[in-house]
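Q: If you scroll down you'll find the structure; I have some questions about it.
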Number of protein chains: 2
Amino acid sequence: MPDGSPQVRKGRKFDQVVEGATEVFMEVGFDRASVDDIARRAGVSKATLYSYFPDKRLLFVEVMSRECEARAQQAEALIDKSRSPRTVMPLAARVLMDFYMSDFGQQSFRLAIGQSGQFEELGQGFYDSGPGLIERELVPYFDEAEARGELDIPDKVLAAHQFAELCKSWIFPRVMMCVQTEFTEEEKQRTMDGAVDMFLARYAA
Amino acid sequence: MPDGSPQVRKGRKFDQVVEGATEVFMEVGFDRASVDDIARRAGVSKATLYSYFPDKRLLFVEVMSRECEARAQQAEALIDKSRSPRTVMPLAARVLMDFYMSDFGQQSFRLAIGQSGQFEELGQGFYDSGPGLIERELVPYFDEAEARGELDIPDKVLAAHQFAELCKSWIFPRVMMCVQTEFTEEEKQRTMDGAVDMFLARYAA
DNA sequence: CCGGAATTAAACCCACCAGTTTATAATTCT
DNA sequence: AGAATTATAAACTGGTGGGTTTAATTCCGG
């Protein structure tokens, strides 16, 4: 996401504001979130809020920046580069699936897709901490596994994105279009297994 | 999409209204489209517009219903069931890619993802004429090809969705998040070839 | 050419919302 | 304690946008 906070954080209620804003933005998105709502939720006066963030968009950027940062740190180093694809890829699938199914993951996609056109840096920020992060994690692993003769991948960047897409199969469109919001463990497992099987069928050495 | 038009279409300017609304909705989405804009674009007075559609949401549903219907008819019967996967799947990939890259395709996803939560039937409608349509087209083909011994697919529904997802790899997230809006033919070909190769590596008999 | 239906422009109502202001109160620092 | 900083409630501004009304006009079939 864009740079953390060029904002001057003057006082003590700063975190309250960000937390309240995070809640509201995650619940109703950017357009439908009113500043009054956010202030009320944060337990803070509107004037205080505006003393930290001169406008709603900056507040939104700050919220998204923090959330993405947190998720990125959390997701990092989840891959044990020394293990074989047959053990690593199912784990990667699980990490991706958990993200796609989380409230934050879903709302992130909605916001990324809905708001990227509005402020320039926003889309790039979302991309870097989403698909970009996946790419930065998987490609180095592919390199090492290939050096060990476990994989044979002509286009590793593409392969990383293919895997990420495969882990969305069937489930994710249904979630995004509100056709089905809950999935059994079997349904998720079916998609993850399908992704791993397909990936290995194509790229296992 | 939901049922065509329970609306009483009284007069001659009906189509003008729908066309104008289609243009505006496709350009700026639902929230940012004002009824005044639509009326102006349609060359029609606001009162006339409201005489056809009692509210903005119904107009939106009508527009989406028509567009999806048109696209669905257009996309149907594009698959020659008698040909082998090695010739059919690249064609299917092209159809999907063209859709994902079209203005209509992109805006459809944005609207589906942004608005599905608002009106109940909308998400289901989008799904049926998007992912659902793909499934209804591909699965029967898989059945026939498998009967000819050309494919071996344990879960054909999943396979159809996997293929659709694969055709988005790398490109589609970049488009949705406004990271990159134009792609060379080589870039598209790379994604499509990658999808077909992966699909066949996994499921070719 | 006439009469009813369709259309129009424009003003209007009302609600919501981003952002500001002001006068007052609570904190915090020294 | 006292001064400076920070927070507050509430009223206010200006603008936008969905939806309605009205009185005048255009269209079209009989």
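Please note that chains go A, B, ... in the order of the structure tokens, that every chain numbers its residues from 1, and that ligands are numbered from 1 in the order shown.
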Considering only C-alpha atoms (C1' of nucleotides), give me a table of residues in chain D that are at most 8 Å from chain A, with the closest atom pair and distance in Å for each, as CSV.

A:
```
residue,atom,partner,partner_atom,distance
D:DT6,C1',A:Gly11,CA,6.7
D:DA7,C1',A:Thr48,CA,6.5
D:DT8,C1',A:Ser45,CA,6.1
D:DA9,C1',A:Ser45,CA,7.8
```

Q: I'd like the superposed chain A, fitted onto chain B by least squares over all Cα atoms in order, as a PDB file with C-alpha atoms, in the first residue's frame.

A:
```pdb
ATOM      1  CA  MET A   1     -30.290 -12.093 -15.153  1.00  0.00           C
ATOM      2  CA  PRO A   2     -33.648 -11.510 -13.489  1.00  0.00           C
ATOM      3  CA  ASP A   3     -36.808 -11.616 -15.550  1.00  0.00           C
ATOM      4  CA  GLY A   4     -36.710  -9.358 -18.580  1.00  0.00           C
ATOM      5  CA  SER A   5     -39.219  -6.622 -17.939  1.00  0.00           C
ATOM      6  CA  PRO A   6     -42.263  -6.853 -15.721  1.00  0.00           C
ATOM      7  CA  GLN A   7     -42.326  -3.152 -16.425  1.00  0.00           C
ATOM      8  CA  VAL A   8     -45.156  -1.720 -18.554  1.00  0.00           C
ATOM      9  CA  ARG A   9     -43.399  -0.138 -21.485  1.00  0.00           C
ATOM     10  CA  LYS A  10     -45.870   2.627 -22.282  1.00  0.00           C
ATOM     11  CA  GLY A  11     -44.319   4.731 -24.963  1.00  0.00           C
ATOM     12  CA  ARG A  12     -41.869   5.310 -27.701  1.00  0.00           C
ATOM     13  CA  LYS A  13     -38.892   6.629 -25.751  1.00  0.00           C
ATOM     14  CA  PHE A  14     -38.466   3.474 -23.765  1.00  0.00           C
ATOM     15  CA  ASP A  15     -35.450   2.270 -25.698  1.00  0.00           C
ATOM     16  CA  GLN A  16     -33.797   5.670 -25.561  1.00  0.00           C
ATOM     17  CA  VAL A  17     -34.024   5.551 -21.802  1.00  0.00           C
ATOM     18  CA  VAL A  18     -32.497   2.101 -21.581  1.00  0.00           C
ATOM     19  CA  GLU A  19     -29.723   3.020 -23.983  1.00  0.00           C
ATOM     20  CA  GLY A  20     -28.812   6.186 -22.146  1.00  0.00           C
ATOM     21  CA  ALA A  21     -28.888   4.393 -18.848  1.00  0.00           C
ATOM     22  CA  THR A  22     -26.681   1.641 -20.231  1.00  0.00           C
ATOM     23  CA  GLU A  23     -24.098   4.175 -21.337  1.00  0.00           C
ATOM     24  CA  VAL A  24     -24.006   6.001 -18.046  1.00  0.00           C
ATOM     25  CA  PHE A  25     -24.047   2.921 -15.839  1.00  0.00           C
ATOM     26  CA  MET A  26     -21.243   1.397 -17.878  1.00  0.00           C
ATOM     27  CA  GLU A  27     -19.184   4.532 -17.549  1.00  0.00           C
ATOM     28  CA  VAL A  28     -19.500   5.402 -13.895  1.00  0.00           C
ATOM     29  CA  GLY A  29     -21.239   2.507 -12.180  1.00  0.00           C
ATOM     30  CA  PHE A  30     -24.453   2.546 -10.226  1.00  0.00           C
ATOM     31  CA  ASP A  31     -23.721   4.798  -7.273  1.00  0.00           C
ATOM     32  CA  ARG A  32     -22.055   7.552  -9.249  1.00  0.00           C
ATOM     33  CA  ALA A  33     -24.690   7.591 -11.977  1.00  0.00           C
ATOM     34  CA  SER A  34     -27.258  10.307 -11.299  1.00  0.00           C
ATOM     35  CA  VAL A  35     -30.737  10.052 -12.715  1.00  0.00           C
ATOM     36  CA  ASP A  36     -30.402  13.544 -14.120  1.00  0.00           C
ATOM     37  CA  ASP A  37     -27.310  12.477 -16.005  1.00  0.00           C
ATOM     38  CA  ILE A  38     -29.091   9.465 -17.398  1.00  0.00           C
ATOM     39  CA  ALA A  39     -32.096  11.474 -18.512  1.00  0.00           C
ATOM     40  CA  ARG A  40     -29.864  14.066 -20.150  1.00  0.00           C
ATOM     41  CA  ARG A  41     -27.816  11.391 -21.894  1.00  0.00           C
ATOM     42  CA  ALA A  42     -30.929   9.615 -23.060  1.00  0.00           C
ATOM     43  CA  GLY A  43     -32.314  12.847 -24.461  1.00  0.00           C
ATOM     44  CA  VAL A  44     -35.397  12.441 -22.358  1.00  0.00           C
ATOM     45  CA  SER A  45     -37.011  14.274 -19.483  1.00  0.00           C
ATOM     46  CA  LYS A  46     -36.677  12.979 -15.979  1.00  0.00           C
ATOM     47  CA  ALA A  47     -40.428  12.630 -15.736  1.00  0.00           C
ATOM     48  CA  THR A  48     -40.488  10.364 -18.761  1.00  0.00           C
ATOM     49  CA  LEU A  49     -37.786   8.220 -17.314  1.00  0.00           C
ATOM     50  CA  TYR A  50     -39.696   7.878 -14.077  1.00  0.00           C
ATOM     51  CA  SER A  51     -42.850   7.011 -15.951  1.00  0.00           C
ATOM     52  CA  TYR A  52     -41.104   3.886 -17.179  1.00  0.00           C
ATOM     53  CA  PHE A  53     -38.999   3.027 -14.161  1.00  0.00           C
ATOM     54  CA  PRO A  54     -40.370   3.997 -10.765  1.00  0.00           C
ATOM     55  CA  ASP A  55     -36.903   3.940  -9.313  1.00  0.00           C
ATOM     56  CA  LYS A  56     -33.259   3.882 -10.217  1.00  0.00           C
ATOM     57  CA  ARG A  57     -32.692   0.337  -9.076  1.00  0.00           C
ATOM     58  CA  LEU A  58     -35.316  -1.082 -11.413  1.00  0.00           C
ATOM     59  CA  LEU A  59     -33.738   0.767 -14.284  1.00  0.00           C
ATOM     60  CA  PHE A  60     -30.403  -0.696 -13.363  1.00  0.00           C
ATOM     61  CA  VAL A  61     -31.800  -4.201 -13.221  1.00  0.00           C
ATOM     62  CA  GLU A  62     -33.376  -3.761 -16.640  1.00  0.00           C
ATOM     63  CA  VAL A  63     -30.116  -2.520 -18.127  1.00  0.00           C
ATOM     64  CA  MET A  64     -28.069  -5.346 -16.689  1.00  0.00           C
ATOM     65  CA  SER A  65     -30.684  -7.873 -17.661  1.00  0.00           C
ATOM     66  CA  ARG A  66     -30.595  -6.778 -21.281  1.00  0.00           C
ATOM     67  CA  GLU A  67     -26.828  -6.588 -21.508  1.00  0.00           C
ATOM     68  CA  CYS A  68     -26.336 -10.007 -20.000  1.00  0.00           C
ATOM     69  CA  GLU A  69     -28.993 -11.519 -22.227  1.00  0.00           C
ATOM     70  CA  ALA A  70     -27.313 -10.082 -25.299  1.00  0.00           C
ATOM     71  CA  ARG A  71     -23.890 -11.329 -24.287  1.00  0.00           C
ATOM     72  CA  ALA A  72     -25.199 -14.749 -23.387  1.00  0.00           C
ATOM     73  CA  GLN A  73     -26.847 -15.243 -26.771  1.00  0.00           C
ATOM     74  CA  GLN A  74     -23.702 -14.041 -28.456  1.00  0.00           C
ATOM     75  CA  ALA A  75     -21.480 -16.428 -26.541  1.00  0.00           C
ATOM     76  CA  GLU A  76     -23.682 -19.453 -26.971  1.00  0.00           C
ATOM     77  CA  ALA A  77     -22.963 -22.169 -29.475  1.00  0.00           C
ATOM     78  CA  LEU A  78     -19.411 -20.958 -29.849  1.00  0.00           C
ATOM     79  CA  ILE A  79     -18.214 -24.403 -28.925  1.00  0.00           C
ATOM     80  CA  ASP A  80     -18.124 -27.064 -31.606  1.00  0.00           C
ATOM     81  CA  LYS A  81     -18.735 -30.151 -29.532  1.00  0.00           C
ATOM     82  CA  SER A  82     -17.342 -32.473 -32.169  1.00  0.00           C
ATOM     83  CA  ARG A  83     -13.820 -31.056 -32.178  1.00  0.00           C
ATOM     84  CA  SER A  84     -10.991 -32.165 -29.937  1.00  0.00           C
ATOM     85  CA  PRO A  85      -9.971 -30.280 -26.778  1.00  0.00           C
ATOM     86  CA  ARG A  86      -6.759 -29.214 -28.433  1.00  0.00           C
ATOM     87  CA  THR A  87      -8.737 -27.110 -30.878  1.00  0.00           C
ATOM     88  CA  VAL A  88     -11.752 -26.262 -28.727  1.00  0.00           C
ATOM     89  CA  MET A  89     -10.006 -25.076 -25.576  1.00  0.00           C
ATOM     90  CA  PRO A  90      -7.905 -22.401 -27.284  1.00  0.00           C
ATOM     91  CA  LEU A  91     -11.066 -21.056 -28.859  1.00  0.00           C
ATOM     92  CA  ALA A  92     -12.833 -21.048 -25.524  1.00  0.00           C
ATOM     93  CA  ALA A  93      -9.852 -19.227 -24.043  1.00  0.00           C
ATOM     94  CA  ARG A  94     -10.137 -16.589 -26.728  1.00  0.00           C
ATOM     95  CA  VAL A  95     -13.838 -16.070 -26.083  1.00  0.00           C
ATOM     96  CA  LEU A  96     -13.205 -15.687 -22.371  1.00  0.00           C
ATOM     97  CA  MET A  97     -10.247 -13.384 -22.871  1.00  0.00           C
ATOM     98  CA  ASP A  98     -12.174 -11.139 -25.230  1.00  0.00           C
ATOM     99  CA  PHE A  99     -14.935 -10.875 -22.692  1.00  0.00           C
ATOM    100  CA  TYR A 100     -12.620 -10.113 -19.795  1.00  0.00           C
ATOM    101  CA  MET A 101     -10.874  -7.444 -21.810  1.00  0.00           C
ATOM    102  CA  SER A 102     -13.996  -5.750 -23.162  1.00  0.00           C
ATOM    103  CA  ASP A 103     -15.349  -2.619 -21.533  1.00  0.00           C
ATOM    104  CA  PHE A 104     -18.588  -4.408 -20.899  1.00  0.00           C
ATOM    105  CA  GLY A 105     -16.868  -7.394 -19.329  1.00  0.00           C
ATOM    106  CA  GLN A 106     -14.839  -5.267 -16.981  1.00  0.00           C
ATOM    107  CA  GLN A 107     -17.697  -3.041 -15.975  1.00  0.00           C
ATOM    108  CA  SER A 108     -19.893  -6.093 -15.452  1.00  0.00           C
ATOM    109  CA  PHE A 109     -17.470  -7.468 -12.914  1.00  0.00           C
ATOM    110  CA  ARG A 110     -17.213  -4.129 -11.181  1.00  0.00           C
ATOM    111  CA  LEU A 111     -20.959  -3.761 -10.993  1.00  0.00           C
ATOM    112  CA  ALA A 112     -21.554  -7.379 -10.031  1.00  0.00           C
ATOM    113  CA  ILE A 113     -19.053  -7.175  -7.216  1.00  0.00           C
ATOM    114  CA  GLY A 114     -20.103  -3.719  -6.109  1.00  0.00           C
ATOM    115  CA  GLN A 115     -23.866  -4.079  -6.246  1.00  0.00           C
ATOM    116  CA  SER A 116     -24.613  -7.753  -5.617  1.00  0.00           C
ATOM    117  CA  GLY A 117     -25.066  -7.138  -1.932  1.00  0.00           C
ATOM    118  CA  GLN A 118     -27.720  -4.482  -2.540  1.00  0.00           C
ATOM    119  CA  PHE A 119     -30.598  -6.158  -4.354  1.00  0.00           C
ATOM    120  CA  GLU A 120     -31.190  -9.799  -3.756  1.00  0.00           C
ATOM    121  CA  GLU A 121     -31.664 -11.248  -7.237  1.00  0.00           C
ATOM    122  CA  LEU A 122     -28.900  -9.238  -8.819  1.00  0.00           C
ATOM    123  CA  GLY A 123     -25.933 -11.333  -7.778  1.00  0.00           C
ATOM    124  CA  GLN A 124     -27.618 -14.541  -8.830  1.00  0.00           C
ATOM    125  CA  GLY A 125     -28.430 -12.990 -12.198  1.00  0.00           C
ATOM    126  CA  PHE A 126     -24.841 -11.951 -12.745  1.00  0.00           C
ATOM    127  CA  TYR A 127     -23.602 -15.338 -11.732  1.00  0.00           C
ATOM    128  CA  ASP A 128     -25.989 -17.204 -14.023  1.00  0.00           C
ATOM    129  CA  SER A 129     -25.001 -15.202 -17.054  1.00  0.00           C
ATOM    130  CA  GLY A 130     -21.307 -15.221 -16.191  1.00  0.00           C
ATOM    131  CA  PRO A 131     -19.633 -18.129 -14.412  1.00  0.00           C
ATOM    132  CA  GLY A 132     -22.864 -20.109 -14.588  1.00  0.00           C
ATOM    133  CA  LEU A 133     -23.040 -19.733 -18.340  1.00  0.00           C
ATOM    134  CA  ILE A 134     -19.462 -20.885 -18.736  1.00  0.00           C
ATOM    135  CA  GLU A 135     -20.243 -23.932 -16.663  1.00  0.00           C
ATOM    136  CA  ARG A 136     -23.350 -24.754 -18.698  1.00  0.00           C
ATOM    137  CA  GLU A 137     -21.363 -24.498 -21.919  1.00  0.00           C
ATOM    138  CA  LEU A 138     -18.221 -26.371 -20.954  1.00  0.00           C
ATOM    139  CA  VAL A 139     -19.526 -29.271 -18.870  1.00  0.00           C
ATOM    140  CA  PRO A 140     -21.588 -30.837 -21.682  1.00  0.00           C
ATOM    141  CA  TYR A 141     -18.586 -30.536 -23.962  1.00  0.00           C
ATOM    142  CA  PHE A 142     -16.398 -32.249 -21.372  1.00  0.00           C
ATOM    143  CA  ASP A 143     -18.953 -35.056 -21.240  1.00  0.00           C
ATOM    144  CA  GLU A 144     -18.807 -35.638 -24.952  1.00  0.00           C
ATOM    145  CA  ALA A 145     -15.043 -35.361 -25.192  1.00  0.00           C
ATOM    146  CA  GLU A 146     -14.669 -37.776 -22.324  1.00  0.00           C
ATOM    147  CA  ALA A 147     -16.983 -40.227 -24.060  1.00  0.00           C
ATOM    148  CA  ARG A 148     -14.646 -40.041 -27.038  1.00  0.00           C
ATOM    149  CA  GLY A 149     -11.715 -40.769 -24.754  1.00  0.00           C
ATOM    150  CA  GLU A 150     -10.142 -37.344 -25.255  1.00  0.00           C
ATOM    151  CA  LEU A 151     -10.462 -36.108 -21.688  1.00  0.00           C
ATOM    152  CA  ASP A 152     -10.511 -37.611 -18.220  1.00  0.00           C
ATOM    153  CA  ILE A 153     -12.073 -35.220 -15.720  1.00  0.00           C
ATOM    154  CA  PRO A 154     -13.231 -36.413 -12.326  1.00  0.00           C
ATOM    155  CA  ASP A 155     -14.992 -33.136 -11.401  1.00  0.00           C
ATOM    156  CA  LYS A 156     -16.220 -31.415 -14.521  1.00  0.00           C
ATOM    157  CA  VAL A 157     -17.908 -28.496 -12.825  1.00  0.00           C
ATOM    158  CA  LEU A 158     -14.712 -27.638 -11.009  1.00  0.00           C
ATOM    159  CA  ALA A 159     -12.711 -28.092 -14.202  1.00  0.00           C
ATOM    160  CA  ALA A 160     -14.903 -25.589 -16.043  1.00  0.00           C
ATOM    161  CA  HIS A 161     -14.404 -22.962 -13.357  1.00  0.00           C
ATOM    162  CA  GLN A 162     -10.693 -23.705 -13.164  1.00  0.00           C
ATOM    163  CA  PHE A 163     -10.351 -23.002 -16.842  1.00  0.00           C
ATOM    164  CA  ALA A 164     -12.259 -19.764 -16.561  1.00  0.00           C
ATOM    165  CA  GLU A 165     -10.003 -18.671 -13.706  1.00  0.00           C
ATOM    166  CA  LEU A 166      -6.847 -19.677 -15.528  1.00  0.00           C
ATOM    167  CA  CYS A 167      -7.784 -17.428 -18.408  1.00  0.00           C
ATOM    168  CA  LYS A 168      -7.696 -14.482 -15.998  1.00  0.00           C
ATOM    169  CA  SER A 169      -4.205 -15.188 -14.712  1.00  0.00           C
ATOM    170  CA  TRP A 170      -1.963 -12.179 -14.246  1.00  0.00           C
ATOM    171  CA  ILE A 171      -4.030  -9.996 -16.537  1.00  0.00           C
ATOM    172  CA  PHE A 172      -7.347  -9.702 -14.804  1.00  0.00           C
ATOM    173  CA  PRO A 173      -6.211  -8.600 -11.358  1.00  0.00           C
ATOM    174  CA  ARG A 174      -4.104  -5.953 -13.016  1.00  0.00           C
ATOM    175  CA  VAL A 175      -7.090  -4.693 -14.950  1.00  0.00           C
ATOM    176  CA  MET A 176      -9.461  -4.696 -12.006  1.00  0.00           C
ATOM    177  CA  MET A 177      -7.021  -2.783  -9.827  1.00  0.00           C
ATOM    178  CA  CYS A 178      -6.175  -0.332 -12.596  1.00  0.00           C
ATOM    179  CA  VAL A 179      -2.505  -1.265 -12.559  1.00  0.00           C
ATOM    180  CA  GLN A 180      -2.454  -1.885 -16.298  1.00  0.00           C
ATOM    181  CA  THR A 181      -5.286  -1.253 -18.708  1.00  0.00           C
ATOM    182  CA  GLU A 182      -3.815  -2.147 -22.084  1.00  0.00           C
ATOM    183  CA  PHE A 183      -2.242  -5.447 -22.996  1.00  0.00           C
ATOM    184  CA  THR A 184      -0.372  -6.533 -26.081  1.00  0.00           C
ATOM    185  CA  GLU A 185      -1.525  -9.496 -28.080  1.00  0.00           C
ATOM    186  CA  GLU A 186       1.572 -11.334 -26.842  1.00  0.00           C
ATOM    187  CA  GLU A 187       0.618 -10.784 -23.228  1.00  0.00           C
ATOM    188  CA  LYS A 188      -2.862 -12.093 -23.801  1.00  0.00           C
ATOM    189  CA  GLN A 189      -1.591 -15.034 -25.801  1.00  0.00           C
ATOM    190  CA  ARG A 190       0.794 -15.921 -23.008  1.00  0.00           C
ATOM    191  CA  THR A 191      -2.074 -16.172 -20.548  1.00  0.00           C
ATOM    192  CA  MET A 192      -4.341 -18.100 -22.905  1.00  0.00           C
ATOM    193  CA  ASP A 193      -1.618 -20.556 -23.903  1.00  0.00           C
ATOM    194  CA  GLY A 194      -0.741 -21.015 -20.272  1.00  0.00           C
ATOM    195  CA  ALA A 195      -4.347 -21.815 -19.452  1.00  0.00           C
ATOM    196  CA  VAL A 196      -4.737 -24.352 -22.239  1.00  0.00           C
ATOM    197  CA  ASP A 197      -1.418 -26.028 -21.503  1.00  0.00           C
ATOM    198  CA  MET A 198      -2.232 -26.375 -17.858  1.00  0.00           C
ATOM    199  CA  PHE A 199      -5.719 -27.641 -18.535  1.00  0.00           C
ATOM    200  CA  LEU A 200      -4.557 -30.277 -20.975  1.00  0.00           C
ATOM    201  CA  ALA A 201      -1.631 -31.330 -18.791  1.00  0.00           C
ATOM    202  CA  ARG A 202      -4.108 -32.147 -16.077  1.00  0.00           C
ATOM    203  CA  TYR A 203      -7.118 -33.480 -17.937  1.00  0.00           C
ATOM    204  CA  ALA A 204      -6.082 -34.750 -21.370  1.00  0.00           C
ATOM    205  CA  ALA A 205      -6.605 -38.482 -21.544  1.00  0.00           C
TER     206      ALA A 205
END
```

Q: Could you state the separation of C1' of DG29 in chain D and C1' of DT7 in chain C in Å, given to one decimal place?

A: 17.0 Å

Q: Using the chain letters and numbers from this document, which residues of chain A does DSSP assign to helix (DSSP H, G or I), as a VMD selection string?

A: chain A and resid 14 to 28 35 to 42 46 to 52 56 to 75 85 to 101 103 to 115 120 to 129 131 to 147 156 to 166 171 to 176 185 to 203

Q: Neighbouring residues of DA3 in chain D were defined as those with any atom within 12 Å, considering only C-alpha atoms (C1' of nucleotides); residues of the same chain fewer than 4 positions away were excluded. Please report them as a list of chain:residue names.

A: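 Counting only the stated atoms, we get C:DT27, C:DT28, C:DC29, C:DT30.
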
Q: Please produce a file of those selected residues containing N, CA and C atoms (P, O5', C5', C4', C3', O3' and C1' of nucleotides), as a PDB file, in the first residue's frame.

A:
```
ATOM      1  P    DT C  27     -10.884  13.975  31.036  1.00  0.00           P
ATOM      2  O5'  DT C  27      -9.425  13.938  30.398  1.00  0.00           O
ATOM      3  C5'  DT C  27      -8.863  15.189  30.013  1.00  0.00           C
ATOM      4  C4'  DT C  27      -7.658  14.962  29.141  1.00  0.00           C
ATOM      5  C3'  DT C  27      -6.462  14.399  29.882  1.00  0.00           C
ATOM      6  O3'  DT C  27      -5.617  13.719  28.963  1.00  0.00           O
ATOM      7  C1'  DT C  27      -6.117  16.708  29.381  1.00  0.00           C
ATOM      8  P    DT C  28      -4.474  12.705  29.497  1.00  0.00           P
ATOM      9  O5'  DT C  28      -3.204  13.638  29.349  1.00  0.00           O
ATOM     10  C5'  DT C  28      -3.032  14.376  28.136  1.00  0.00           C
ATOM     11  C4'  DT C  28      -1.971  15.447  28.328  1.00  0.00           C
ATOM     12  C3'  DT C  28      -0.808  15.017  29.231  1.00  0.00           C
ATOM     13  O3'  DT C  28       0.392  15.257  28.519  1.00  0.00           O
ATOM     14  C1'  DT C  28      -1.614  17.149  29.841  1.00  0.00           C
ATOM     15  P    DC C  29       1.779  14.631  29.000  1.00  0.00           P
ATOM     16  O5'  DC C  29       2.647  15.972  29.059  1.00  0.00           O
ATOM     17  C5'  DC C  29       2.194  17.109  28.289  1.00  0.00           C
ATOM     18  C4'  DC C  29       2.959  18.347  28.707  1.00  0.00           C
ATOM     19  C3'  DC C  29       4.239  18.077  29.498  1.00  0.00           C
ATOM     20  O3'  DC C  29       5.242  19.002  29.094  1.00  0.00           O
ATOM     21  C1'  DC C  29       2.743  19.370  30.815  1.00  0.00           C
ATOM     22  P    DT C  30       6.730  18.812  29.662  1.00  0.00           P
ATOM     23  O5'  DT C  30       6.856  20.071  30.611  1.00  0.00           O
ATOM     24  C5'  DT C  30       6.289  21.328  30.186  1.00  0.00           C
ATOM     25  C4'  DT C  30       6.341  22.334  31.321  1.00  0.00           C
ATOM     26  C3'  DT C  30       7.546  22.167  32.248  1.00  0.00           C
ATOM     27  O3'  DT C  30       8.083  23.449  32.537  1.00  0.00           O
ATOM     28  C1'  DT C  30       5.553  22.169  33.519  1.00  0.00           C
TER      29       DT C  30
END
```

Q: For C1' of DA15 in chain C and C1' of DA10 in chain D, determine how far apart the two atoms are, in Å to one decimal place.

A: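 So the answer is 18.8 Å.
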
Q: What residues in chain C have any atom no more than 8 Å from chain A when counting only C-alpha atoms (C1' of nucleotides), and can you write them as an mmCIF file with C-alpha atoms (C1' of nucleotides), in the first residue's frame?

A:
```
data_model
loop_
_atom_site.group_PDB
_atom_site.id
_atom_site.type_symbol
_atom_site.label_atom_id
_atom_site.label_comp_id
_atom_site.auth_asym_id
_atom_site.auth_seq_id
_atom_site.Cartn_x
_atom_site.Cartn_y
_atom_site.Cartn_z
ATOM 1 C "C1'" DC C 17 -23.272 14.077 3.457
ATOM 2 C "C1'" DA C 18 -18.415 16.216 3.295
ATOM 3 C "C1'" DG C 19 -16.327 19.544 5.573
#
```

Q: Quick one, how far is C1' of DA26 in chain C from C1' of DA11 in chain D?

A: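 Atom-to-atom, C1' of DA26 in chain C to C1' of DA11 in chain D, that is 21.1 Å.
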